[in-house]
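> Below you'll find entry15.tsv; it's TSV, C-alpha atoms and all ligand atoms.
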chain	number	residue	atom	x	y	z
A	558	MET	CA	82.11	76.37	-42.31
A	559	THR	CA	82.07	73.53	-44.70
A	560	HIS	CA	83.76	73.73	-48.09
A	561	PRO	CA	81.43	74.97	-50.87
A	562	LEU	CA	82.21	71.88	-52.96
A	563	TYR	CA	80.62	69.75	-50.21
A	564	ASP	CA	77.37	71.56	-51.02
A	565	LEU	CA	77.65	71.08	-54.78
A	566	PRO	CA	74.90	68.56	-55.64
A	567	LYS	CA	76.43	65.56	-57.36
A	568	ALA	CA	76.14	61.87	-58.24
A	569	GLU	CA	78.63	59.15	-57.37
A	570	LEU	CA	78.93	56.35	-59.90
A	571	HIS	CA	82.11	54.55	-58.82
A	572	LEU	CA	81.96	53.61	-55.18
A	573	HIS	CA	82.64	50.16	-53.71
A	574	ILE	CA	80.60	49.94	-50.54
A	575	GLU	CA	83.17	47.59	-49.00
A	576	GLY	CA	85.70	50.37	-49.65
A	577	THR	CA	83.89	52.62	-47.18
A	578	LEU	CA	84.75	50.32	-44.28
A	579	GLU	CA	86.62	52.60	-41.87
A	580	PRO	CA	89.22	51.00	-39.53
A	581	GLU	CA	87.03	51.77	-36.48
A	582	MET	CA	84.16	49.83	-38.02
A	583	VAL	CA	86.46	46.92	-38.95
A	584	PHE	CA	87.24	46.58	-35.24
A	585	ALA	CA	83.65	47.12	-34.09
A	586	LEU	CA	82.25	44.48	-36.45
A	587	ALA	CA	85.05	42.01	-35.68
A	588	GLU	CA	84.16	42.30	-32.01
A	589	ARG	CA	80.42	42.01	-32.66
A	590	ASN	CA	80.99	38.87	-34.75
A	591	GLY	CA	83.61	37.31	-32.45
A	592	LEU	CA	86.39	37.46	-35.04
A	593	GLU	CA	90.14	37.77	-34.43
A	594	LEU	CA	91.91	40.43	-36.49
A	595	PRO	CA	95.58	40.26	-37.49
A	596	TYR	CA	95.98	43.96	-36.57
A	597	GLU	CA	96.92	45.26	-33.12
A	598	SER	CA	94.73	48.34	-33.13
A	599	VAL	CA	92.81	50.82	-35.24
A	600	ASP	CA	96.02	52.85	-35.57
A	601	ASP	CA	97.96	49.77	-36.63
A	602	LEU	CA	95.38	49.07	-39.36
A	603	ARG	CA	95.38	52.73	-40.40
A	604	SER	CA	99.17	52.65	-40.76
A	605	ARG	CA	98.78	49.86	-43.34
A	606	LEU	CA	96.73	52.00	-45.72
A	607	GLN	CA	99.72	52.51	-47.99
A	608	PHE	CA	99.81	50.74	-51.30
A	609	THR	CA	102.27	50.01	-54.07
A	610	ASP	CA	99.72	48.98	-56.70
A	611	LEU	CA	96.15	47.71	-57.15
A	612	GLN	CA	96.86	44.22	-55.80
A	613	SER	CA	98.46	45.45	-52.58
A	614	PHE	CA	95.26	47.38	-51.91
A	615	LEU	CA	92.94	44.51	-52.88
A	616	ASP	CA	94.67	42.15	-50.42
A	617	LEU	CA	93.83	44.43	-47.48
A	618	TYR	CA	90.38	45.34	-48.86
A	619	TYR	CA	89.25	41.71	-49.06
A	620	ALA	CA	90.82	40.87	-45.68
A	621	CYS	CA	88.90	43.69	-43.98
A	622	SER	CA	85.68	42.85	-45.86
A	623	ALA	CA	85.66	39.52	-44.03
A	624	VAL	CA	84.25	41.19	-40.90
A	625	LEU	CA	80.94	41.66	-42.76
A	626	ARG	CA	78.70	38.72	-41.83
A	627	GLU	CA	75.15	39.66	-40.93
A	628	GLU	CA	72.47	41.71	-42.66
A	629	GLN	CA	72.88	44.36	-39.95
A	630	ASP	CA	76.62	44.62	-40.72
A	631	PHE	CA	75.88	45.45	-44.36
A	632	TYR	CA	73.17	47.87	-43.24
A	633	ASP	CA	75.41	49.66	-40.73
A	634	LEU	CA	78.26	49.97	-43.25
A	635	THR	CA	75.97	51.42	-45.92
A	636	ALA	CA	74.07	53.71	-43.56
A	637	ALA	CA	77.35	55.21	-42.28
A	638	TYR	CA	78.54	55.81	-45.85
A	639	LEU	CA	75.22	57.38	-46.88
A	640	ARG	CA	75.29	59.79	-43.93
A	641	LYS	CA	78.80	60.86	-45.00
A	642	ALA	CA	77.71	61.02	-48.64
A	643	HIS	CA	74.83	63.31	-47.71
A	644	SER	CA	77.24	65.65	-45.89
A	645	GLN	CA	79.35	65.89	-49.08
A	646	GLY	CA	76.50	66.82	-51.42
A	647	LEU	CA	75.64	63.45	-52.90
A	648	ARG	CA	72.11	63.30	-54.32
A	649	HIS	CA	72.32	60.08	-56.36
A	650	ILE	CA	74.54	57.03	-55.84
A	651	GLU	CA	75.10	53.91	-57.95
A	652	MET	CA	76.91	51.65	-55.55
A	653	PHE	CA	79.16	48.67	-56.31
A	654	PHE	CA	79.28	45.60	-54.15
A	655	ASP	CA	81.38	42.41	-54.43
A	656	PRO	CA	79.00	39.49	-53.72
A	657	GLN	CA	81.58	36.77	-54.35
A	658	ALA	CA	83.83	38.19	-51.61
A	659	HIS	CA	81.00	37.39	-49.19
A	660	THR	CA	79.36	34.26	-50.65
A	661	GLU	CA	82.81	32.60	-50.74
A	662	ARG	CA	82.82	32.98	-46.93
A	663	GLY	CA	79.35	31.44	-46.64
A	664	VAL	CA	77.32	34.66	-46.39
A	665	PRO	CA	74.07	34.27	-48.40
A	666	ILE	CA	73.80	36.80	-51.24
A	667	ASP	CA	70.35	37.88	-50.08
A	668	THR	CA	71.82	38.84	-46.68
A	669	VAL	CA	74.20	41.20	-48.48
A	670	ILE	CA	71.59	42.70	-50.79
A	671	ASP	CA	68.97	43.03	-48.03
A	672	GLY	CA	71.33	45.08	-45.83
A	673	LEU	CA	72.51	47.36	-48.64
A	674	LYS	CA	69.00	47.86	-50.01
A	675	ARG	CA	67.46	48.64	-46.61
A	676	ALA	CA	70.09	51.35	-46.01
A	677	LEU	CA	69.50	52.85	-49.49
A	678	ASP	CA	65.73	52.86	-48.90
A	679	ASP	CA	66.23	54.61	-45.54
A	680	ALA	CA	68.56	57.21	-47.14
A	681	PHE	CA	65.89	57.94	-49.71
A	682	GLU	CA	63.40	58.55	-46.88
A	683	GLU	CA	65.79	60.58	-44.73
A	684	PHE	CA	67.89	62.51	-47.28
A	685	GLY	CA	66.10	62.09	-50.62
A	686	ILE	CA	69.18	60.30	-52.00
A	687	THR	CA	68.33	58.13	-55.02
A	688	GLY	CA	70.36	55.37	-56.63
A	689	GLY	CA	70.82	51.65	-56.89
A	690	LEU	CA	73.10	48.67	-56.60
A	691	ILE	CA	75.59	47.46	-59.20
A	692	MET	CA	76.82	43.93	-58.60
A	693	CYS	CA	80.48	43.43	-59.52
A	694	PHE	CA	82.04	40.17	-60.66
A	695	MET	CA	85.59	39.57	-59.49
A	696	ARG	CA	87.51	39.12	-62.72
A	697	ASN	CA	90.17	36.88	-61.10
A	698	LEU	CA	87.56	34.26	-60.16
A	699	PRO	CA	86.34	31.63	-62.68
A	700	VAL	CA	83.71	32.77	-65.15
A	701	GLU	CA	81.46	29.93	-63.92
A	702	SER	CA	81.34	31.65	-60.54
A	703	ALA	CA	80.26	34.89	-62.20
A	704	PHE	CA	77.50	33.03	-64.08
A	705	ALA	CA	76.26	31.30	-60.93
A	706	THR	CA	76.29	34.60	-59.03
A	707	LEU	CA	74.28	36.28	-61.77
A	708	GLU	CA	71.70	33.48	-61.94
A	709	SER	CA	71.31	33.61	-58.16
A	710	VAL	CA	70.04	37.21	-58.36
A	711	ALA	CA	67.77	36.90	-61.39
A	712	ASP	CA	64.68	37.46	-59.21
A	713	ARG	CA	66.23	40.50	-57.52
A	714	ALA	CA	67.22	41.96	-60.88
A	715	ALA	CA	63.60	41.58	-62.02
A	716	ALA	CA	62.46	43.29	-58.81
A	717	GLY	CA	64.79	46.25	-59.46
A	718	ASP	CA	66.89	45.54	-56.35
A	719	ILE	CA	69.97	45.43	-58.61
A	720	ILE	CA	70.28	47.87	-61.52
A	721	GLY	CA	73.48	46.69	-63.16
A	722	VAL	CA	76.60	44.56	-63.27
A	723	GLY	CA	80.25	45.56	-63.11
A	724	LEU	CA	83.68	43.92	-63.23
A	725	ASP	CA	86.41	44.60	-60.70
A	726	SER	CA	89.41	43.23	-58.76
A	727	THR	CA	92.78	42.24	-60.32
A	728	GLU	CA	92.89	43.66	-63.83
A	729	ILE	CA	96.10	42.51	-65.49
A	730	GLY	CA	95.78	38.95	-66.81
A	731	TYR	CA	91.96	39.00	-66.81
A	732	PRO	CA	90.73	40.67	-70.02
A	733	PRO	CA	87.08	41.63	-70.42
A	734	GLU	CA	86.41	39.15	-73.24
A	735	ILE	CA	86.36	36.32	-70.64
A	736	PHE	CA	83.00	37.66	-69.43
A	737	GLU	CA	81.28	38.22	-72.78
A	738	LEU	CA	78.53	35.63	-72.25
A	739	VAL	CA	77.96	36.66	-68.62
A	740	TYR	CA	77.35	40.22	-69.77
A	741	ALA	CA	75.04	39.03	-72.56
A	742	ARG	CA	72.96	37.25	-69.93
A	743	ALA	CA	73.00	40.33	-67.68
A	744	ARG	CA	71.65	42.42	-70.55
A	745	ALA	CA	68.92	39.83	-71.12
A	746	LEU	CA	67.96	40.29	-67.47
A	747	GLY	CA	67.57	44.01	-68.13
A	748	LEU	CA	70.69	45.04	-66.22
A	749	HIS	CA	72.96	47.96	-67.06
A	750	CYS	CA	76.55	47.01	-67.92
A	751	VAL	CA	79.73	48.74	-66.72
A	752	ALA	CA	83.28	47.47	-66.14
A	753	HIS	CA	86.57	48.57	-64.63
A	754	ALA	CA	89.04	48.92	-67.49
A	755	GLY	CA	92.21	50.83	-68.21
A	756	GLU	CA	93.05	51.32	-64.54
A	757	GLU	CA	96.29	49.31	-64.62
A	758	ALA	CA	95.90	47.50	-67.95
A	759	GLY	CA	95.99	49.31	-71.28
A	760	PRO	CA	93.44	50.82	-73.66
A	761	GLU	CA	92.67	47.43	-75.20
A	762	PHE	CA	90.77	46.59	-71.99
A	763	VAL	CA	88.57	49.64	-72.57
A	764	GLU	CA	87.97	48.60	-76.18
A	765	GLY	CA	87.17	45.04	-75.09
A	766	SER	CA	84.71	46.33	-72.49
A	767	LEU	CA	82.93	48.35	-75.18
A	768	ASP	CA	83.00	45.67	-77.90
A	769	ALA	CA	82.63	42.35	-76.05
A	770	LEU	CA	80.77	43.50	-72.94
A	771	LYS	CA	78.78	46.36	-74.54
A	772	CYS	CA	79.49	48.54	-71.54
A	773	GLU	CA	77.52	51.75	-71.18
A	774	ARG	CA	80.14	53.27	-68.89
A	775	ILE	CA	83.82	52.58	-68.18
A	776	ASP	CA	85.24	52.66	-64.65
A	777	HIS	CA	88.59	54.49	-64.46
A	778	GLY	CA	89.52	54.27	-68.17
A	779	ILE	CA	92.45	56.62	-67.63
A	780	ARG	CA	94.78	54.62	-69.86
A	781	SER	CA	92.47	55.26	-72.83
A	782	LEU	CA	94.67	58.27	-73.55
A	783	GLN	CA	97.39	55.94	-74.82
A	784	ASN	CA	95.27	55.25	-77.92
A	785	PRO	CA	94.14	58.30	-79.97
A	786	ALA	CA	91.61	56.28	-81.97
A	787	LEU	CA	89.98	55.12	-78.72
A	788	VAL	CA	89.94	58.68	-77.39
A	789	GLU	CA	88.12	59.78	-80.55
A	790	ARG	CA	85.65	56.90	-80.15
A	791	LEU	CA	84.96	57.83	-76.52
A	792	ARG	CA	84.58	61.50	-77.46
A	793	ALA	CA	82.17	60.80	-80.30
A	794	SER	CA	80.07	58.29	-78.33
A	795	GLN	CA	80.25	60.19	-75.01
A	796	VAL	CA	80.54	56.89	-73.16
A	797	PRO	CA	81.20	58.14	-69.60
A	798	LEU	CA	84.40	57.43	-67.68
A	799	THR	CA	84.19	57.25	-63.88
A	800	VAL	CA	87.53	58.67	-62.80
A	801	CYS	CA	88.74	58.39	-59.19
A	802	PRO	CA	91.58	60.87	-58.62
A	803	LEU	CA	92.66	60.06	-55.04
A	804	SER	CA	92.46	56.32	-55.82
A	805	THR	CA	94.77	56.58	-58.81
A	806	VAL	CA	97.37	58.54	-56.82
A	807	ARG	CA	97.19	56.13	-53.85
A	808	LEU	CA	97.51	53.07	-56.11
A	809	LYS	CA	100.49	54.66	-57.87
A	810	GLY	CA	98.79	54.95	-61.24
A	811	VAL	CA	100.41	58.40	-61.25
A	812	GLU	CA	103.08	59.73	-58.91
A	813	THR	CA	101.34	62.95	-57.93
A	814	MET	CA	97.90	64.51	-58.40
A	815	ALA	CA	99.47	67.14	-60.66
A	816	GLU	CA	100.29	64.33	-63.12
A	817	HIS	CA	96.75	62.93	-63.13
A	818	PRO	CA	95.37	62.81	-66.71
A	819	LEU	CA	91.99	64.34	-65.76
A	820	PRO	CA	92.66	67.75	-67.39
A	821	ARG	CA	93.83	66.06	-70.59
A	822	MET	CA	90.72	63.85	-70.62
A	823	LEU	CA	88.49	66.93	-70.30
A	824	GLU	CA	90.44	68.78	-73.00
A	825	ALA	CA	89.88	65.78	-75.28
A	826	GLY	CA	86.12	66.23	-74.86
A	827	LEU	CA	85.50	63.04	-72.86
A	828	LEU	CA	82.51	62.67	-70.53
A	829	VAL	CA	84.47	62.42	-67.29
A	830	THR	CA	83.04	62.13	-63.77
A	831	ILE	CA	84.76	62.38	-60.37
A	832	ASN	CA	84.28	59.59	-57.84
A	833	SER	CA	85.88	58.18	-54.69
A	834	ASP	CA	86.25	54.40	-55.44
A	835	ASP	CA	87.22	53.19	-51.93
A	836	PRO	CA	87.19	56.32	-49.78
A	837	SER	CA	88.19	54.83	-46.42
A	838	TYR	CA	91.33	53.38	-48.04
A	839	PHE	CA	92.30	56.28	-50.29
A	840	GLY	CA	92.04	59.25	-47.96
A	841	GLY	CA	88.85	60.96	-49.05
A	842	TYR	CA	85.18	60.79	-49.95
A	843	VAL	CA	83.72	62.21	-53.14
A	844	GLY	CA	83.66	65.85	-52.01
A	845	ASP	CA	87.31	65.51	-51.00
A	846	ASN	CA	88.09	64.30	-54.52
A	847	TYR	CA	86.36	67.38	-55.97
A	848	ILE	CA	88.36	69.64	-53.61
A	849	THR	CA	91.67	67.99	-54.53
A	850	VAL	CA	90.90	68.40	-58.21
A	851	GLN	CA	90.03	72.09	-57.82
A	852	ASP	CA	93.10	72.78	-55.68
A	853	THR	CA	95.49	70.88	-57.94
A	854	PHE	CA	94.29	72.07	-61.35
A	855	GLY	CA	92.91	75.48	-60.43
A	856	PHE	CA	89.47	74.74	-61.92
A	857	ASN	CA	86.92	77.47	-61.17
A	858	ASP	CA	83.50	76.78	-59.64
A	859	ALA	CA	81.85	76.70	-63.07
A	860	ALA	CA	84.23	73.93	-64.14
A	861	MET	CA	83.46	71.99	-60.95
A	862	ALA	CA	79.73	72.40	-61.57
A	863	ALA	CA	80.27	71.08	-65.10
A	864	LEU	CA	81.87	67.97	-63.59
A	865	ALA	CA	78.83	67.56	-61.33
A	866	MET	CA	76.58	67.94	-64.40
A	867	ASN	CA	78.63	65.18	-66.04
A	868	SER	CA	77.94	62.92	-63.06
A	869	VAL	CA	74.20	63.45	-63.56
A	870	ALA	CA	74.40	62.86	-67.32
A	871	ALA	CA	76.46	59.68	-66.83
A	872	SER	CA	74.06	58.20	-64.27
A	873	PHE	CA	71.31	55.66	-64.88
A	874	ALA	CA	68.75	57.93	-63.17
A	875	SER	CA	65.41	58.48	-64.91
A	876	ALA	CA	65.05	61.48	-67.23
A	877	ALA	CA	62.82	63.15	-64.64
A	878	ARG	CA	65.34	62.63	-61.84
A	879	LYS	CA	68.18	63.88	-64.06
A	880	ALA	CA	66.20	67.06	-64.73
A	881	GLU	CA	65.77	67.60	-60.97
A	882	LEU	CA	69.46	67.03	-60.33
A	883	ARG	CA	70.51	69.36	-63.15
A	884	ALA	CA	68.33	72.06	-61.64
A	885	GLU	CA	70.00	71.55	-58.25
A	886	VAL	CA	73.48	71.87	-59.80
A	887	ALA	CA	72.38	74.97	-61.71
A	888	ALA	CA	71.07	76.54	-58.49
A	889	TRP	CA	74.46	75.93	-56.79
A	890	SER	CA	76.21	77.47	-59.81
A	891	ALA	CA	74.01	80.55	-59.71
A	892	ALA	CA	74.92	81.04	-56.05
A	893	HIS	CA	78.71	80.66	-56.61
A	901	LIG	O1	89.68	50.39	-57.92
A	901	LIG	C1	89.43	49.17	-57.93
A	901	LIG	N1	89.85	48.43	-58.97
A	901	LIG	C2	89.57	47.13	-59.04
A	901	LIG	N2	88.90	46.49	-58.11
A	901	LIG	C3	88.47	47.16	-57.05
A	901	LIG	N3	87.77	46.73	-55.98
A	901	LIG	C4	87.59	47.77	-55.19
A	901	LIG	N4	88.17	48.86	-55.73
A	901	LIG	C5	88.72	48.49	-56.92
A	902	ZN	ZN	86.77	50.71	-58.42
Just dump the structure as structure tokens.


Amino acid sequence: MTHPLYDLPKAELHLHIEGTLEPEMVFALAERNGLELPYESVDDLRSRLQFTDLQSFLDLYYACSAVLREEQDFYDLTAAYLRKAHSQGLRHIEMFFDPQAHTERGVPIDTVIDGLKRALDDAFEEFGITGGLIMCFMRNLPVESAFATLESVADRAAAGDIIGVGLDSTEIGYPPEIFELVYARARALGLHCVAHAGEEAGPEFVEGSLDALKCERIDHGIRSLQNPALVERLRASQVPLTVCPLSTVRLKGVETMAEHPLPRMLEAGLLVTINSDDPSYFGGYVGDNYITVQDTFGFNDAAMAALAMNSVAASFASAARKAELRAEVAAWSAAH
């Protein structure tokens, strides 16, 4: 029998598709593309999934992402994730991708987007999963590269193939204000704006993402708690925070799950959602994150359903789709 929380209908709003690359697929795609890997075996690669901080993870994440070359590679990666997502109750997914990690290696951006989009379209047909793509800028690359990347997808933004922009990679040393004009242009293109902030750096990165980047949602944001005025601002505005519990433990943001600030964030009245970030690296997909949270903090099923409701409220789905999803969560609640 599967865990009831795998059946809880939910949305995932913080998921890097490159972070769903399982070691087996790294090897399969390397072979298909005739690439040498610096790892002896799948087990050898798996044994390296231990991190001391964000950067130690990013080094392996970008190295493994280099096996993605062809449109079919991006399709296969995304289709495998969406099958898994379906089995863990996901009904709506807003998916990050890192175009610069691929274009820097000579992969055309349309190859990336075509593969991801085709898999999302198929998942809509097969599973009824809705969602969209959020293109992340790597904050440690020059702002000119972010601008050029954005301009290169202007037609796809207009076509609805991309629904938003985000900001990820190395946080410390790269404050949000650097990207103010890039985000202004993204807004002019009709794109939603989110950013990673307050994962490793402090609450001032969250404030900068709200003020300079006009973000509608903050990714991680756990260090907001260090600033009571910011907590009050987030509570009053209900700007959502996409929290990733297993990720934060694996990247040593906290020592143990019991020390994770999630309960304090909820007590403060913040609009918090649960997400997986990079599930193949951090030991669990979104349903596994829900289960860990319930087991660690003793939340009852009603509290878990409230977190799923938060994920619907925090999404960029249409009002009609949100109403459908809320009804699905309510039906699960009534049965549990
Ligand atoms: O959690 C993350 N933080 C920053 N950059 C990332 N790129 C993939 N995952 C992450
Ligand atoms: Zn992330």

> In terms of the shortest atom-to-atom distance over only C-alpha atoms, which of A:His753, A:Lys809, A:Arg626, A:His643 is closest to A:Val843?

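Distance minimum relative to A:Val843 lands on A:His643.
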
> Skip A:Gln851 itself and residues of its chain fewer than 3 positions away, then list as a VMD selection string all residues within 12 Å of it, counting only C-alpha atoms.

chain A and resid 560 to 562 802 814 to 815 819 to 820 831 844 to 848 854 to 862 864

> Suppose we keep C-alpha atoms; can you now write the selection as a PDB file, keeping the file's coordinate frame?


ATOM      1  CA  HIS A 560      83.760  73.730 -48.090  1.00  0.00           C
ATOM      2  CA  PRO A 561      81.430  74.970 -50.870  1.00  0.00           C
ATOM      3  CA  LEU A 562      82.210  71.880 -52.960  1.00  0.00           C
ATOM      4  CA  PRO A 802      91.580  60.870 -58.620  1.00  0.00           C
ATOM      5  CA  MET A 814      97.900  64.510 -58.400  1.00  0.00           C
ATOM      6  CA  ALA A 815      99.470  67.140 -60.660  1.00  0.00           C
ATOM      7  CA  LEU A 819      91.990  64.340 -65.760  1.00  0.00           C
ATOM      8  CA  PRO A 820      92.660  67.750 -67.390  1.00  0.00           C
ATOM      9  CA  ILE A 831      84.760  62.380 -60.370  1.00  0.00           C
ATOM     10  CA  GLY A 844      83.660  65.850 -52.010  1.00  0.00           C
ATOM     11  CA  ASP A 845      87.310  65.510 -51.000  1.00  0.00           C
ATOM     12  CA  ASN A 846      88.090  64.300 -54.520  1.00  0.00           C
ATOM     13  CA  TYR A 847      86.360  67.380 -55.970  1.00  0.00           C
ATOM     14  CA  ILE A 848      88.360  69.640 -53.610  1.00  0.00           C
ATOM     15  CA  PHE A 854      94.290  72.070 -61.350  1.00  0.00           C
ATOM     16  CA  GLY A 855      92.910  75.480 -60.430  1.00  0.00           C
ATOM     17  CA  PHE A 856      89.470  74.740 -61.920  1.00  0.00           C
ATOM     18  CA  ASN A 857      86.920  77.470 -61.170  1.00  0.00           C
ATOM     19  CA  ASP A 858      83.500  76.780 -59.640  1.00  0.00           C
ATOM     20  CA  ALA A 859      81.850  76.700 -63.070  1.00  0.00           C
ATOM     21  CA  ALA A 860      84.230  73.930 -64.140  1.00  0.00           C
ATOM     22  CA  MET A 861      83.460  71.990 -60.950  1.00  0.00           C
ATOM     23  CA  ALA A 862      79.730  72.400 -61.570  1.00  0.00           C
ATOM     24  CA  LEU A 864      81.870  67.970 -63.590  1.00  0.00           C
TER      25      LEU A 864
END

> Find the residues around A:Glu816 up to 10 Å (only C-alpha atoms counted), leave out those fewer than 4 positions away in its own chain, and share them as number ranges by chain.

A: 806, 810-812, 820, 853-854

> Those same residues - C-alpha atoms - I'd like them written as a PDB file, keeping the file's coordinate frame.


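File out-v6.pdb, as written:
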ATOM      1  CA  VAL A 806      97.370  58.540 -56.820  1.00  0.00           C
ATOM      2  CA  GLY A 810      98.790  54.950 -61.240  1.00  0.00           C
ATOM      3  CA  VAL A 811     100.410  58.400 -61.250  1.00  0.00           C
ATOM      4  CA  GLU A 812     103.080  59.730 -58.910  1.00  0.00           C
ATOM      5  CA  PRO A 820      92.660  67.750 -67.390  1.00  0.00           C
ATOM      6  CA  THR A 853      95.490  70.880 -57.940  1.00  0.00           C
ATOM      7  CA  PHE A 854      94.290  72.070 -61.350  1.00  0.00           C
TER       8      PHE A 854
END

> For stretch 686-695 of chain A, list every protein, DNA or RNA residue within 6 Å, evaluated using only C-alpha atoms, and leave out those in the same chain fewer than 2 positions away; present the list as a list in words.

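Once the nearby chain positions are removed, what remains is Arg648, His649, Ile650, Glu651, Met652, Phe653, Phe654, Asp655, Ala680, Phe681, Phe684, Asn697, Leu698, Ala703, Ile719, Ile720, Gly721, Val722, Gly723, Leu724, Asp725 and Ser726 of chain A.
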
> Could you write out the selected residues, including C-alpha atoms, as an mmCIF file, in the frame of the given file?


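Saved file selection_20.cif follows:
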data_model
loop_
_atom_site.group_PDB
_atom_site.id
_atom_site.type_symbol
_atom_site.label_atom_id
_atom_site.label_comp_id
_atom_site.auth_asym_id
_atom_site.auth_seq_id
_atom_site.Cartn_x
_atom_site.Cartn_y
_atom_site.Cartn_z
ATOM 1 C CA ARG A 648 72.110 63.300 -54.320
ATOM 2 C CA HIS A 649 72.320 60.080 -56.360
ATOM 3 C CA ILE A 650 74.540 57.030 -55.840
ATOM 4 C CA GLU A 651 75.100 53.910 -57.950
ATOM 5 C CA MET A 652 76.910 51.650 -55.550
ATOM 6 C CA PHE A 653 79.160 48.670 -56.310
ATOM 7 C CA PHE A 654 79.280 45.600 -54.150
ATOM 8 C CA ASP A 655 81.380 42.410 -54.430
ATOM 9 C CA ALA A 680 68.560 57.210 -47.140
ATOM 10 C CA PHE A 681 65.890 57.940 -49.710
ATOM 11 C CA PHE A 684 67.890 62.510 -47.280
ATOM 12 C CA ASN A 697 90.170 36.880 -61.100
ATOM 13 C CA LEU A 698 87.560 34.260 -60.160
ATOM 14 C CA ALA A 703 80.260 34.890 -62.200
ATOM 15 C CA ILE A 719 69.970 45.430 -58.610
ATOM 16 C CA ILE A 720 70.280 47.870 -61.520
ATOM 17 C CA GLY A 721 73.480 46.690 -63.160
ATOM 18 C CA VAL A 722 76.600 44.560 -63.270
ATOM 19 C CA GLY A 723 80.250 45.560 -63.110
ATOM 20 C CA LEU A 724 83.680 43.920 -63.230
ATOM 21 C CA ASP A 725 86.410 44.600 -60.700
ATOM 22 C CA SER A 726 89.410 43.230 -58.760
#

> Fewer than 2 positions away in the same chain doesn't count, so skip those; otherwise give me all residues within 12 Å of A:Asp768, counting only C-alpha atoms, as a ChimeraX atom specification.

/A:733-734,736-737,740-741,750,752,761-766,770-773,775,787,790

> Could I get the residues of chain A with an atom no further than 8 Å from an atom of ligand ZN 902 (chain A), each paired with its nearest atom pair and that distance in Å to one decimal, using all atoms listed in the file, sorted by chain and residue number, as JSON lines?


{"residue": "A:His571", "atom": "CA", "partner": "A:ZN902", "partner_atom": "ZN", "distance": 6.1}
{"residue": "A:Leu572", "atom": "CA", "partner": "A:ZN902", "partner_atom": "ZN", "distance": 6.5}
{"residue": "A:His573", "atom": "CA", "partner": "A:ZN902", "partner_atom": "ZN", "distance": 6.3}
{"residue": "A:Asp725", "atom": "CA", "partner": "A:ZN902", "partner_atom": "ZN", "distance": 6.5}
{"residue": "A:Ser726", "atom": "CA", "partner": "A:ZN902", "partner_atom": "ZN", "distance": 7.9}
{"residue": "A:His753", "atom": "CA", "partner": "A:ZN902", "partner_atom": "ZN", "distance": 6.6}
{"residue": "A:Asp776", "atom": "CA", "partner": "A:ZN902", "partner_atom": "ZN", "distance": 6.7}
{"residue": "A:His777", "atom": "CA", "partner": "A:ZN902", "partner_atom": "ZN", "distance": 7.4}
{"residue": "A:Cys801", "atom": "CA", "partner": "A:ZN902", "partner_atom": "ZN", "distance": 8.0}
{"residue": "A:Asp834", "atom": "CA", "partner": "A:ZN902", "partner_atom": "ZN", "distance": 4.8}
{"residue": "A:Asp835", "atom": "CA", "partner": "A:ZN902", "partner_atom": "ZN", "distance": 7.0}

> Work out how far atom CA of A:Leu565 is from atom CA of A:Asp633, in Å to one decimal.

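Distance reported for this atom pair: 25.7 Å.
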
> What lies within 12 Å of A:Leu586 using all atoms listed in the file, ignoring chain neighbours under 3 positions off, as a list in words?

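Once the nearby chain positions are removed, what remains is Leu578, Glu579, Pro580, Glu581, Met582, Val583, Arg589, Asn590, Gly591, Leu592, Glu593, Leu594, Cys621, Ser622, Ala623, Val624, Leu625, Arg626, Glu627, Glu628, Gln629, Asp630, Phe631, Tyr632, Asp633 and Leu634 of chain A.
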
> Using all atoms listed in the file, give me every residue within 9 Å of (93.1, 47.8, -46.3) in file coordinates, as a list in words.

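Returned residue set, sorted by chain then number, is Gly576, Leu578, Pro580, Leu602, Arg603, Arg605, Leu606, Gln607, Phe608, Ser613, Phe614, Leu615, Asp616, Leu617, Tyr618, Tyr619, Ala620, Cys621, Ser622, Ser837 and Tyr838 of chain A.
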
> Hey, which of A:Tyr638, A:Phe704, A:Tyr563, A:Tyr731 ends up closest to ligand LIG 901 (chain A)? Count only C-alpha atoms and all ligand atoms.

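Using only C-alpha atoms and all ligand atoms, ligand LIG 901 (chain A) sits closest to A:Tyr731.
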
> When you count all atoms listed in the file, which of these residues is closest to A:Leu647: A:Glu683, A:Asp671, A:Glu885, A:Glu569?

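The shortest atom-to-atom distance to A:Leu647 comes from A:Glu569.
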
> Ranking A:Ala714, A:Val800, A:Ala636, A:Leu673 by minimum distance to ligand LIG 901 (chain A) and counting all atoms listed in the file, which one comes first?

A:Val800

> Using only C-alpha atoms and all ligand atoms, which residue out of A:Arg792, A:Arg807, A:Lys567, A:Arg744 lies closest to ligand LIG 901 (chain A)?

A:Arg807

> Compare A:Glu789, A:Glu575, A:Glu682, A:Asp667 by their minimum atom-to-atom distance to ligand LIG 901 (chain A), counting all atoms listed in the file, and give me the closest one.

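Counting all atoms listed in the file, the residue closest to ligand LIG 901 (chain A) is A:Glu575.
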
> Kindly give the distance, in Å, that separates atom CA of A:Ala880 and atom CA of A:Met866, rounded to a single decimal.

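Atom CA of A:Met866 lies 10.4 Å from atom CA of A:Ala880.
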
> What is the atom CA of A:Asp678-atom CA of A:Gly717 distance in Å, reported with one decimal?

12.5 Å
